[in-house]
file protein.txt (compact mmCIF, C-alpha atoms)
# COMPACT_ATOMS: atom_id res chain seq x y z
CA MET G 1 0.00 0.00 0.00
CA LYS G 2 2.86 2.36 0.79
CA LYS G 3 4.39 1.84 -2.66
CA SER G 4 1.04 2.49 -4.32
CA LEU G 5 0.64 5.76 -2.44
CA LEU G 6 4.17 6.76 -3.44
CA TRP G 7 3.36 6.37 -7.14
CA ILE G 8 0.13 8.31 -6.66
CA PHE G 9 2.02 11.20 -5.11
CA PHE G 10 4.50 11.28 -7.98
CA LEU G 11 1.67 11.31 -10.54
CA LEU G 12 -0.11 14.11 -8.68
CA LEU G 13 3.00 16.26 -8.98
CA LEU G 14 2.69 16.20 -12.78
CA PHE G 15 -0.63 18.06 -12.70
CA PRO G 16 -1.60 21.45 -11.22
CA VAL G 17 -3.72 20.72 -8.16
CA ASN G 18 -5.06 22.74 -5.29
CA THR G 19 -3.53 22.30 -1.86
CA TYR G 20 -6.79 21.56 -0.05
CA GLY G 21 -7.14 18.09 1.42
CA GLU G 22 -10.58 17.62 -0.15
CA ASP G 23 -8.96 17.36 -3.59
CA LEU G 24 -7.05 14.29 -2.46
CA LEU G 25 -9.74 12.62 -0.36
CA SER G 26 -13.29 13.48 0.67
CA ILE G 27 -16.20 11.98 2.59
CA ASP G 28 -17.94 11.24 -0.74
CA ASP G 29 -15.29 8.62 -1.51
CA PHE G 30 -16.75 6.33 1.17
CA ASP G 31 -19.81 4.14 0.72
CA PHE G 32 -22.60 4.47 3.30
CA ARG G 33 -25.44 2.97 1.26
CA GLU G 34 -25.62 -0.27 3.24
CA SER G 35 -25.76 1.58 6.57
CA GLU G 36 -28.53 3.84 5.28
CA ARG G 37 -30.44 0.83 3.98
CA ILE G 38 -30.28 -0.85 7.39
CA LEU G 39 -31.63 2.27 9.10
CA ARG G 40 -34.48 2.69 6.61
CA GLN G 41 -35.36 -0.98 6.77
CA ASN G 42 -35.82 -0.75 10.56
CA GLY G 43 -37.96 2.39 10.53
CA TYR G 44 -35.27 5.06 10.94
CA GLU G 45 -35.75 6.70 7.55
CA ASP G 46 -35.57 10.13 9.23
CA ILE G 47 -31.85 9.59 9.87
CA HIS G 48 -30.31 11.06 6.70
CA VAL G 49 -26.75 9.81 6.50
CA ASP G 50 -25.46 12.34 3.95
CA THR G 51 -27.03 15.28 5.79
CA LEU G 52 -25.53 14.26 9.14
CA LEU G 53 -22.08 13.62 7.66
CA LYS G 54 -21.97 16.96 5.87
CA ALA G 55 -23.17 18.76 9.00
CA LEU G 56 -20.42 17.11 11.04
CA MET G 57 -17.81 18.01 8.40
CA LYS G 58 -18.86 21.66 8.77
CA GLY G 59 -19.05 21.48 12.58
CA ASP G 60 -22.81 22.19 12.50
CA PHE G 61 -23.73 20.31 15.67
CA LYS G 62 -26.91 22.34 16.16
CA THR G 63 -28.52 20.71 13.12
CA VAL G 64 -27.35 17.27 14.20
CA PHE G 65 -28.77 17.49 17.73
CA THR G 66 -31.97 19.27 16.61
CA ASP G 67 -32.77 16.54 14.08
CA GLY G 68 -31.86 13.86 16.63
CA ALA G 69 -34.13 15.33 19.31
CA ALA G 70 -37.02 15.55 16.85
CA LEU G 71 -36.55 11.89 15.90
CA VAL G 72 -36.46 10.73 19.53
CA LYS G 73 -39.59 12.74 20.37
CA GLU G 74 -41.47 11.34 17.39
CA LYS G 75 -40.56 7.75 18.24
CA THR G 76 -41.36 7.90 21.97
CA VAL G 77 -44.23 10.33 22.62
CA GLY G 78 -46.85 7.90 21.31
CA ASP G 79 -45.98 5.32 23.98
CA LEU G 80 -47.27 7.54 26.78
CA ILE G 81 -50.91 7.02 25.73
CA PHE G 82 -50.44 3.27 25.36
CA VAL G 83 -48.74 2.92 28.76
CA ARG G 84 -51.44 4.99 30.45
CA ARG G 85 -54.20 2.77 29.04
CA ILE G 86 -52.44 -0.45 30.05
CA MET G 87 -51.64 0.78 33.55
CA LEU G 88 -55.22 1.94 34.13
CA ASN G 89 -56.46 -1.55 33.22
CA VAL G 90 -53.96 -3.19 35.61
CA LEU G 91 -54.87 -0.68 38.34
CA LEU G 92 -58.57 -1.44 37.91
CA ILE G 93 -57.95 -5.20 38.19
CA ILE G 94 -55.84 -4.76 41.34
CA ILE G 95 -58.44 -2.53 43.04
CA ILE G 96 -61.25 -4.97 42.23
CA SER G 97 -59.16 -7.90 43.49
CA ALA G 98 -58.36 -6.04 46.73
CA PHE G 99 -62.05 -5.24 47.27
CA PHE G 100 -63.33 -8.78 46.76
CA THR G 101 -60.48 -10.37 48.71
CA ASN G 102 -61.07 -8.14 51.75
CA PHE G 103 -64.83 -8.61 51.40
CA ALA G 104 -64.45 -12.41 51.45
CA ASN G 105 -62.12 -12.23 54.46
CA VAL G 106 -64.80 -10.43 56.48
CA PHE G 107 -67.83 -12.55 55.64
CA SER G 108 -66.36 -15.96 54.87
CA LYS G 109 -64.73 -18.63 56.96
CA ASP G 110 -63.49 -20.85 54.14
CA ASN G 111 -60.94 -20.48 51.36
CA VAL G 112 -63.10 -18.25 49.18
CA SER G 113 -60.84 -15.27 49.81
CA ASN G 114 -57.73 -17.24 48.77
CA MET G 115 -59.46 -18.48 45.64
CA GLY G 116 -60.52 -14.94 44.77
CA PHE G 117 -56.98 -13.68 45.27
CA TYR G 118 -55.52 -16.34 42.98
CA VAL G 119 -58.01 -15.54 40.23
CA CYS G 120 -57.27 -11.83 40.45
CA TYR G 121 -53.52 -12.49 40.73
CA LEU G 122 -53.58 -14.52 37.51
CA LEU G 123 -55.38 -11.66 35.78
CA VAL G 124 -52.75 -9.21 37.01
CA ILE G 125 -49.95 -11.57 35.90
CA SER G 126 -51.42 -11.90 32.41
CA GLY G 127 -51.41 -8.12 32.02
CA ILE G 128 -47.91 -7.84 33.46
CA ILE G 129 -46.49 -10.52 31.15
CA THR G 130 -48.05 -8.83 28.11
CA ILE G 131 -46.42 -5.52 29.06
CA PHE G 132 -43.07 -7.15 29.81
CA GLU G 133 -43.06 -9.01 26.50
CA THR G 134 -43.51 -5.67 24.75
CA VAL G 135 -40.53 -4.26 26.64
CA CYS G 136 -38.44 -7.34 25.76
CA GLN G 137 -39.24 -6.84 22.09
CA VAL G 138 -38.09 -3.22 22.36
CA ALA G 139 -34.76 -4.29 23.93
CA SER G 140 -34.20 -7.18 21.52
CA GLY G 141 -35.10 -4.98 18.56
CA PHE G 142 -32.57 -2.36 19.62
CA ILE G 143 -29.73 -4.88 19.94
CA GLU G 144 -30.60 -6.39 16.56
CA VAL G 145 -30.69 -3.00 14.80
CA LEU G 146 -27.50 -1.88 16.56
CA LEU G 147 -25.55 -4.95 15.47
CA GLN G 148 -26.87 -4.75 11.89
CA PHE G 149 -25.91 -1.09 11.65
CA LEU G 150 -22.42 -1.69 13.06
CA THR G 151 -21.87 -4.68 10.78
CA ALA G 152 -22.65 -2.46 7.79
CA MET G 153 -20.73 0.56 9.12
CA ILE G 154 -17.51 -1.01 10.39
CA PRO G 155 -15.96 -1.88 6.96
CA THR G 156 -16.41 1.72 5.76
CA TYR G 157 -15.09 3.12 9.02
CA PHE G 158 -11.99 0.97 9.01
CA VAL G 159 -11.11 1.96 5.45
CA SER G 160 -10.55 5.48 6.80
CA ILE G 161 -8.49 4.05 9.67
CA ALA G 162 -6.41 1.93 7.28
CA LEU G 163 -5.29 5.13 5.50
CA LEU G 164 -3.72 6.20 8.80
CA GLY G 165 -2.36 2.87 10.02
CA GLN G 166 -2.69 -0.71 8.92
CA ALA G 167 -1.83 -2.21 12.32
CA SER G 168 -4.46 -0.09 14.09
CA ALA G 169 -7.11 -0.93 11.50
CA ALA G 170 -6.47 -4.67 11.75
CA GLY G 171 -6.28 -4.74 15.56
CA PHE G 172 -9.33 -2.59 16.30
CA TYR G 173 -11.35 -4.30 13.58
CA GLN G 174 -10.82 -7.68 15.24
CA VAL G 175 -11.91 -6.33 18.64
CA LEU G 176 -15.09 -4.75 17.29
CA VAL G 177 -16.03 -7.88 15.35
CA LEU G 178 -15.46 -9.89 18.54
CA ALA G 179 -17.60 -7.40 20.48
CA ILE G 180 -20.47 -7.73 17.98
CA GLY G 181 -20.38 -11.52 18.27
CA LEU G 182 -20.27 -11.46 22.07
CA VAL G 183 -23.11 -8.95 22.37
CA GLN G 184 -25.24 -10.95 19.97
CA PHE G 185 -24.67 -14.18 21.90
CA VAL G 186 -24.46 -13.04 25.54
CA PHE G 187 -27.08 -10.29 25.52
CA SER G 188 -29.61 -11.74 23.06
CA ALA G 189 -29.22 -15.49 23.62
CA VAL G 190 -28.32 -15.63 27.33
CA LEU G 191 -29.18 -12.56 29.39
CA ILE G 192 -32.58 -11.59 27.92
CA PRO G 193 -33.94 -15.18 28.30
CA MET G 194 -32.51 -15.25 31.83
CA ILE G 195 -34.33 -12.02 32.68
CA LYS G 196 -37.55 -13.68 31.52
CA ILE G 197 -36.80 -16.65 33.79
CA TYR G 198 -36.09 -14.23 36.65
CA LEU G 199 -39.49 -12.62 36.11
CA ALA G 200 -41.27 -15.99 36.01
CA THR G 201 -39.45 -17.11 39.17
CA GLY G 202 -40.50 -13.99 41.05
CA LEU G 203 -44.12 -14.24 39.95
CA VAL G 204 -44.35 -17.93 40.88
CA ASN G 205 -42.73 -17.22 44.25
CA ASN G 206 -45.49 -14.72 45.07
CA LEU G 207 -48.23 -17.28 44.51
CA SER G 208 -47.49 -18.71 47.92
CA GLN G 209 -47.30 -16.88 51.22
CA GLU G 210 -44.02 -18.71 51.88
CA ASP G 211 -40.78 -17.50 50.34
CA PHE G 212 -39.12 -20.46 48.59
CA LEU G 213 -37.58 -19.07 45.35
CA SER G 214 -36.15 -15.71 46.38
CA ARG G 215 -32.56 -16.97 46.70
CA LEU G 216 -32.68 -18.45 43.19
CA ALA G 217 -34.00 -15.14 41.88
CA ASP G 218 -31.26 -13.25 43.71
CA LEU G 219 -28.62 -15.55 42.19
CA MET G 220 -29.92 -14.88 38.67
CA LYS G 221 -30.01 -11.15 39.40
CA ARG G 222 -26.36 -11.13 40.41
CA PHE G 223 -25.38 -13.18 37.35
CA ILE G 224 -27.19 -10.81 34.96
CA LEU G 225 -25.58 -7.71 36.45
CA PHE G 226 -22.13 -9.35 36.54
CA CYS G 227 -22.25 -10.44 32.89
CA ASN G 228 -23.35 -6.99 31.76
CA LYS G 229 -20.56 -5.19 33.63
CA PHE G 230 -17.89 -7.79 32.83
CA LEU G 231 -18.55 -7.82 29.09
CA VAL G 232 -18.48 -4.02 28.81
CA GLY G 233 -15.36 -3.74 30.96
CA ALA G 234 -13.48 -6.56 29.22
CA ILE G 235 -14.07 -5.34 25.65
CA CYS G 236 -13.30 -1.71 26.52
CA GLY G 237 -10.18 -2.83 28.43
CA VAL G 238 -8.84 -4.82 25.48
CA ASN G 239 -9.55 -1.87 23.20
CA LEU G 240 -7.69 0.46 25.56
CA ILE G 241 -4.64 -1.83 25.68
CA GLN G 242 -4.51 -1.91 21.90
CA ALA G 243 -4.86 1.87 21.81
CA MET G 244 -1.65 2.14 23.85
CA ILE G 245 0.40 0.10 21.35
CA LEU G 246 -0.98 -0.04 17.80
CA PRO G 247 -1.11 3.72 17.02
CA SER G 248 2.54 4.04 18.13
CA ILE G 249 3.56 1.33 15.66
CA ASP G 250 1.70 3.06 12.83
CA GLY G 251 3.07 6.44 13.89
CA ILE G 252 6.65 5.19 13.55
CA LYS G 253 5.91 3.72 10.10
CA ASN G 254 4.19 6.87 8.84
CA THR G 255 6.95 9.14 10.15
CA ALA G 256 9.60 7.04 8.43
CA PHE G 257 7.57 7.05 5.22
CA GLN G 258 7.23 10.86 5.28
CA LYS G 259 10.98 11.28 5.83
CA ILE G 260 11.77 8.95 2.93
CA ILE G 261 9.40 10.87 0.65
CA SER G 262 10.85 14.23 1.75
CA ALA G 263 14.38 13.01 0.98
CA VAL G 264 13.62 12.48 -2.73
CA PRO G 265 15.55 15.17 -4.73
CA TRP G 266 13.50 17.98 -6.37
CA LEU G 267 10.17 16.29 -5.54
CA GLY G 268 10.66 15.61 -1.85
CA ASN G 269 9.17 18.77 -0.36
CA SER G 270 6.04 18.71 -2.54
CA ALA G 271 5.51 14.99 -2.02
CA GLY G 272 5.98 15.39 1.74
CA SER G 273 3.34 18.14 1.74
CA TYR G 274 0.90 15.88 -0.08
CA VAL G 275 1.53 13.12 2.44
CA GLY G 276 0.82 15.51 5.31
CA ILE G 277 -2.35 16.79 3.63
CA LEU G 278 -3.57 13.24 2.98
CA ILE G 279 -2.92 12.16 6.58
CA GLY G 280 -4.66 15.24 7.97
CA THR G 281 -7.68 14.79 5.70
CA SER G 282 -7.88 11.07 6.49
CA ASN G 283 -7.78 11.85 10.20
CA LEU G 284 -10.64 14.35 9.82
CA ILE G 285 -12.76 11.92 7.81
CA LYS G 286 -12.03 9.13 10.29
CA ASN G 287 -13.22 11.30 13.17
CA VAL G 288 -16.32 12.45 11.27
CA ILE G 289 -17.31 8.87 10.45
CA GLY G 290 -16.61 7.80 14.05
CA GLY G 291 -18.61 10.73 15.41
CA PHE G 292 -21.48 9.95 13.05
CA THR G 293 -21.48 6.31 14.19
CA MET G 294 -21.55 7.35 17.84
CA ILE G 295 -24.42 9.80 17.22
CA VAL G 296 -26.47 7.12 15.46
CA ILE G 297 -25.82 4.69 18.33
CA LEU G 298 -27.00 7.36 20.79
CA LEU G 299 -30.16 7.94 18.75
CA LEU G 300 -30.86 4.22 18.45
CA CYS G 301 -30.24 3.81 22.20
CA SER G 302 -32.24 6.84 23.36
CA ILE G 303 -35.53 5.65 21.87
CA PRO G 304 -35.74 2.21 23.61
CA CYS G 305 -34.24 3.63 26.81
CA ILE G 306 -36.93 6.31 27.07
CA LYS G 307 -39.64 3.76 26.29
CA MET G 308 -38.38 1.33 28.92
CA GLU G 309 -37.93 4.09 31.48
CA ILE G 310 -41.57 5.11 30.92
CA TYR G 311 -42.67 1.55 31.76
CA HIS G 312 -40.25 1.43 34.69
CA ILE G 313 -41.59 4.65 36.21
CA ALA G 314 -45.18 3.59 35.51
CA PHE G 315 -44.78 0.36 37.52
CA ARG G 316 -43.11 2.25 40.37
CA LEU G 317 -45.94 4.79 40.39
CA LEU G 318 -48.55 2.04 40.23
CA SER G 319 -46.97 0.30 43.24
CA ALA G 320 -47.03 3.53 45.23
CA VAL G 321 -50.70 4.17 44.40
CA ILE G 322 -52.04 0.72 45.25
CA GLN G 323 -49.90 0.02 48.32
CA PRO G 324 -52.62 1.01 50.86
CA VAL G 325 -55.17 -1.45 49.43
CA ALA G 326 -53.31 -4.18 47.54
CA ASP G 327 -52.05 -7.52 48.81
CA GLU G 328 -48.33 -7.68 49.60
CA ARG G 329 -47.84 -10.43 47.03
CA ILE G 330 -49.19 -8.23 44.23
CA LEU G 331 -46.84 -5.45 45.31
CA SER G 332 -43.95 -7.91 45.21
CA ALA G 333 -44.98 -9.01 41.71
CA LEU G 334 -44.95 -5.40 40.51
CA GLN G 335 -41.52 -4.97 42.09
CA VAL G 336 -40.22 -8.02 40.21
CA VAL G 337 -41.51 -6.61 36.91
CA SER G 338 -39.98 -3.23 37.65
CA ASP G 339 -36.61 -4.86 38.43
CA SER G 340 -36.77 -6.95 35.25
CA ILE G 341 -37.40 -3.87 33.12
CA GLY G 342 -34.47 -2.22 34.91
CA PHE G 343 -32.23 -5.14 33.91
CA LEU G 344 -33.29 -4.79 30.27
CA LEU G 345 -32.56 -1.08 30.46
CA LYS G 346 -29.06 -1.79 31.76
CA LEU G 347 -28.44 -4.27 28.94
CA VAL G 348 -29.42 -1.68 26.34
CA LEU G 349 -27.24 0.98 27.97
CA GLY G 350 -24.36 -1.47 28.37
CA SER G 351 -24.39 -2.55 24.72
CA ALA G 352 -24.53 1.06 23.51
CA LEU G 353 -21.83 2.19 25.95
CA LEU G 354 -19.54 -0.65 24.88
CA PHE G 355 -19.43 0.44 21.23
CA ILE G 356 -19.43 4.17 21.98
CA VAL G 357 -16.37 3.81 24.23
CA CYS G 358 -14.57 1.58 21.72
CA ILE G 359 -15.16 3.99 18.83
CA GLY G 360 -14.23 6.94 21.03
CA ILE G 361 -10.91 5.30 21.94
CA ILE G 362 -10.18 4.72 18.25
CA CYS G 363 -11.00 8.32 17.31
CA LEU G 364 -8.80 9.75 20.03
CA THR G 365 -5.77 7.49 19.62
CA VAL G 366 -5.42 6.77 15.87
CA LYS G 367 -4.00 9.95 14.34
CA GLY G 368 -1.67 8.71 11.66
CA GLY G 369 1.64 10.06 12.87
call {"tool": "encode", "arguments": {"input": "protein.txt", "output": "structure tokens"}}
result
Amino acid sequence: MKKSLLWIFFLLLLFPVNTYGEDLLSIDDFDFRESERILRQNGYEDIHVDTLLKALMKGDFKTVFTDGAALVKEKTVGDLIFVRRIMLNVLLIIIISAFFTNFANVFSKDNVSNMGFYVCYLLVISGIITIFETVCQVASGFIEVLLQFLTAMIPTYFVSIALLGQASAAGFYQVLVLAIGLVQFVFSAVLIPMIKIYLATGLVNNLSQEDFLSRLADLMKRFILFCNKFLVGAICGVNLIQAMILPSIDGIKNTAFQKIISAVPWLGNSAGSYVGILIGTSNLIKNVIGGFTMIVILLLCSIPCIKMEIYHIAFRLLSAVIQPVADERILSALQVVSDSIGFLLKLVLGSALLFIVCIGIICLTVKGG
């Protein structure tokens, strides 16, 4: 690759060219069609790739954040009405169950009150499971879209990094591909199903007045939180270690290459200037593409996070409202659902944070010399 660039520089010297870096390399030389197709296919057609990239190239962050806020508002405001309707239905069932259960306790000496509680508890559970399944689909959908977008975006991004350093491009590419595979397996295939099992365990435990599954639920809770933190920390740590070594290797190679070019008689100074312009332009484009990728990840993450936080707050509020009249077991069931939604929220934040930190490390450390 170095020899090819050397011949290009010599050919460029034969023609009158401007000294701006855009004449050597520009953002239009990179292909973002697959990334845009992935976004449109998953309902994010309002994210205009070319518009965002050009705005970032100009430093127009106001347009970027204004368009992003409008997208997040459009995708999340409609959920408020749906959550309110669902929560009112659950609230009505809980109040009716509390009334009939207390009524049976006063006027009956048999197990009518227990039977009434179980019937009402099953009704509450059916509503809770329906809501939680919706939240799980939101979390799973985010992880799927995130991984599809990164799979389409990473090859384009690492072309810009390869112009600055082949060792950095190869090393960081391997880590990000590994991270995509681990997130897809651990988060989607292990942790989300385990959160569903945690919810089922908590709901079954509340059927009885005796506590016989809480320790199992606590064990699963600790495992879920540990896996989330460990995966994010391990991938970011490996990326950080590579960032301490690989850019230095590429920096030495690029510096030696520039000195060799500059030493060529008659053409050395001009060729060295072109090398410097190309490296500076490549570094700018690399940072713009990395910044664009991080902004898209933030947008993709913000929408499910706000949706899940709405459900999370709604269950907390519902528990506070019904506490004076509801059975303790129903309150515990609502707490289990609230905790489960909180775990899903942490998975979404963890997966987004993992890739944002990795891309941020690359942008800050790979500079080309």
call {"tool": "atom_distance", "arguments": {"input": "protein.txt", "atom1": "CA of Ser282 (chain G)", "atom2": "CA of Ile161 (chain G)"}}
result
7.7 Å
call {"tool": "residues_around", "arguments": {"input": "protein.txt", "residues": "Leu299 (chain G)", "least_positions_apart": "3", "cutoff": "8 Å", "atoms": "only C-alpha atoms", "output": "PDB file with C-alpha atoms, in the frame of the given file"}}
result
ATOM      1  CA  GLY G  68     -31.860  13.860  16.630  1.00  0.00           C
ATOM      2  CA  VAL G  72     -36.460  10.730  19.530  1.00  0.00           C
ATOM      3  CA  ILE G 295     -24.420   9.800  17.220  1.00  0.00           C
ATOM      4  CA  VAL G 296     -26.470   7.120  15.460  1.00  0.00           C
ATOM      5  CA  SER G 302     -32.240   6.840  23.360  1.00  0.00           C
ATOM      6  CA  ILE G 303     -35.530   5.650  21.870  1.00  0.00           C
TER       7      ILE G 303
END
call {"tool": "closest_residue", "arguments": {"input": "protein.txt", "among": "G:Ser126, G:Ser160, G:Ser140, G:Asn89", "to": "Asp31 (chain G)", "atoms": "only C-alpha atoms"}}
result
G:Ser160
call {"tool": "residues_around", "arguments": {"input": "protein.txt", "residues": "Phe343 (chain G)", "least_positions_apart": "5", "cutoff": "10 Å", "atoms": "all atoms listed in the file", "output": "NGL selection string"}}
result
:G and (191-192 or 195 or 221 or 224-225 or 228 or 337-338 or 348-349)
call {"tool": "write_last_selection", "arguments": {"input": "protein.txt", "atoms": "C-alpha atoms", "output": "mmCIF file, keeping the file's coordinate frame"}}
result
data_model
loop_
_atom_site.group_PDB
_atom_site.id
_atom_site.type_symbol
_atom_site.label_atom_id
_atom_site.label_comp_id
_atom_site.auth_asym_id
_atom_site.auth_seq_id
_atom_site.Cartn_x
_atom_site.Cartn_y
_atom_site.Cartn_z
ATOM 1 C CA LEU G 191 -29.180 -12.560 29.390
ATOM 2 C CA ILE G 192 -32.580 -11.590 27.920
ATOM 3 C CA ILE G 195 -34.330 -12.020 32.680
ATOM 4 C CA LYS G 221 -30.010 -11.150 39.400
ATOM 5 C CA ILE G 224 -27.190 -10.810 34.960
ATOM 6 C CA LEU G 225 -25.580 -7.710 36.450
ATOM 7 C CA ASN G 228 -23.350 -6.990 31.760
ATOM 8 C CA VAL G 337 -41.510 -6.610 36.910
ATOM 9 C CA SER G 338 -39.980 -3.230 37.650
ATOM 10 C CA VAL G 348 -29.420 -1.680 26.340
ATOM 11 C CA LEU G 349 -27.240 0.980 27.970
#
call {"tool": "atom_distance", "arguments": {"input": "protein.txt", "atom1": "CA of Ala217 (chain G)", "atom2": "CA of Ile197 (chain G)"}}
result
8.7 Å
call {"tool": "closest_residue", "arguments": {"input": "protein.txt", "among": "G:Thr293, G:Asn205, G:Ser319, G:Gln335", "to": "Thr151 (chain G)", "atoms": "all atoms listed in the file"}}
result
G:Thr293
call {"tool": "closest_residue", "arguments": {"input": "protein.txt", "among": "G:Leu91, G:Met153, G:Leu147, G:Ile313", "to": "Leu123 (chain G)", "atoms": "all atoms listed in the file"}}
result
G:Leu91
call {"tool": "residues_around", "arguments": {"input": "protein.txt", "residues": "Leu56 (chain G)", "least_positions_apart": "2", "cutoff": "10 Å", "atoms": "only C-alpha atoms", "output": "VMD selection string"}}
result
chain G and resid 50 to 54 58 to 64 285 287 to 289 291 to 292
call {"tool": "residues_around", "arguments": {"input": "protein.txt", "residues": "Leu146 (chain G)", "least_positions_apart": "6", "cutoff": "10 Å", "atoms": "all atoms listed in the file", "output": "PyMOL selection string"}}
result
chain G and resi 38-39+140+180+184+296-297+300-301+348+351-352+355
call {"tool": "write_last_selection", "arguments": {"input": "protein.txt", "atoms": "C-alpha atoms", "output": "mmCIF file, in the frame of the given file"}}
result
data_model
loop_
_atom_site.group_PDB
_atom_site.id
_atom_site.type_symbol
_atom_site.label_atom_id
_atom_site.label_comp_id
_atom_site.auth_asym_id
_atom_site.auth_seq_id
_atom_site.Cartn_x
_atom_site.Cartn_y
_atom_site.Cartn_z
ATOM 1 C CA ILE G 38 -30.280 -0.850 7.390
ATOM 2 C CA LEU G 39 -31.630 2.270 9.100
ATOM 3 C CA SER G 140 -34.200 -7.180 21.520
ATOM 4 C CA ILE G 180 -20.470 -7.730 17.980
ATOM 5 C CA GLN G 184 -25.240 -10.950 19.970
ATOM 6 C CA VAL G 296 -26.470 7.120 15.460
ATOM 7 C CA ILE G 297 -25.820 4.690 18.330
ATOM 8 C CA LEU G 300 -30.860 4.220 18.450
ATOM 9 C CA CYS G 301 -30.240 3.810 22.200
ATOM 10 C CA VAL G 348 -29.420 -1.680 26.340
ATOM 11 C CA SER G 351 -24.390 -2.550 24.720
ATOM 12 C CA ALA G 352 -24.530 1.060 23.510
ATOM 13 C CA PHE G 355 -19.430 0.440 21.230
#
call {"tool": "closest_residue", "arguments": {"input": "protein.txt", "among": "G:Phe172, G:Phe185, G:Tyr118, G:Phe212", "to": "Ala243 (chain G)", "atoms": "only C-alpha atoms"}}
result
G:Phe172
call {"tool": "closest_residue", "arguments": {"input": "protein.txt", "among": "G:Gln242, G:Ser214, G:Thr365, G:Gln323", "to": "Val336 (chain G)", "atoms": "only C-alpha atoms"}}
result
G:Ser214
call {"tool": "atom_distance", "arguments": {"input": "protein.txt", "atom1": "CA of Leu334 (chain G)", "atom2": "CA of Glu74 (chain G)"}}
result
28.8 Å
call {"tool": "closest_residue", "arguments": {"input": "protein.txt", "among": "G:Ile143, G:Leu231, G:Ile356, G:Leu71", "to": "Ile47 (chain G)", "atoms": "all atoms listed in the file"}}
result
G:Leu71
call {"tool": "residues_around", "arguments": {"input": "protein.txt", "residues": "Leu213 (chain G)", "least_positions_apart": "4", "cutoff": "10 Å", "atoms": "only C-alpha atoms", "output": "list in words"}}
result
Thr201, Gly202, Leu203, Val204, Asn205, Asn206, Ala217 and Asp218 of chain G
call {"tool": "decode", "arguments": {"input": "protein.txt", "residues": "region 122-143 of chain G", "atoms": "C-alpha atoms", "output": "PDB file, in the first residue's frame"}}
result
ATOM      1  CA  LEU G 122     -53.583 -14.517  37.512  1.00  0.00           C
ATOM      2  CA  LEU G 123     -55.380 -11.656  35.783  1.00  0.00           C
ATOM      3  CA  VAL G 124     -52.747  -9.214  37.005  1.00  0.00           C
ATOM      4  CA  ILE G 125     -49.947 -11.568  35.901  1.00  0.00           C
ATOM      5  CA  SER G 126     -51.425 -11.903  32.413  1.00  0.00           C
ATOM      6  CA  GLY G 127     -51.412  -8.121  32.020  1.00  0.00           C
ATOM      7  CA  ILE G 128     -47.912  -7.843  33.458  1.00  0.00           C
ATOM      8  CA  ILE G 129     -46.495 -10.523  31.153  1.00  0.00           C
ATOM      9  CA  THR G 130     -48.051  -8.832  28.112  1.00  0.00           C
ATOM     10  CA  ILE G 131     -46.421  -5.523  29.056  1.00  0.00           C
ATOM     11  CA  PHE G 132     -43.072  -7.146  29.809  1.00  0.00           C
ATOM     12  CA  GLU G 133     -43.060  -9.010  26.500  1.00  0.00           C
ATOM     13  CA  THR G 134     -43.511  -5.675  24.750  1.00  0.00           C
ATOM     14  CA  VAL G 135     -40.532  -4.262  26.641  1.00  0.00           C
ATOM     15  CA  CYS G 136     -38.441  -7.343  25.763  1.00  0.00           C
ATOM     16  CA  GLN G 137     -39.239  -6.838  22.092  1.00  0.00           C
ATOM     17  CA  VAL G 138     -38.086  -3.222  22.365  1.00  0.00           C
ATOM     18  CA  ALA G 139     -34.760  -4.287  23.933  1.00  0.00           C
ATOM     19  CA  SER G 140     -34.200  -7.184  21.520  1.00  0.00           C
ATOM     20  CA  GLY G 141     -35.101  -4.978  18.560  1.00  0.00           C
ATOM     21  CA  PHE G 142     -32.570  -2.363  19.620  1.00  0.00           C
ATOM     22  CA  ILE G 143     -29.734  -4.883  19.942  1.00  0.00           C
TER      23      ILE G 143
END
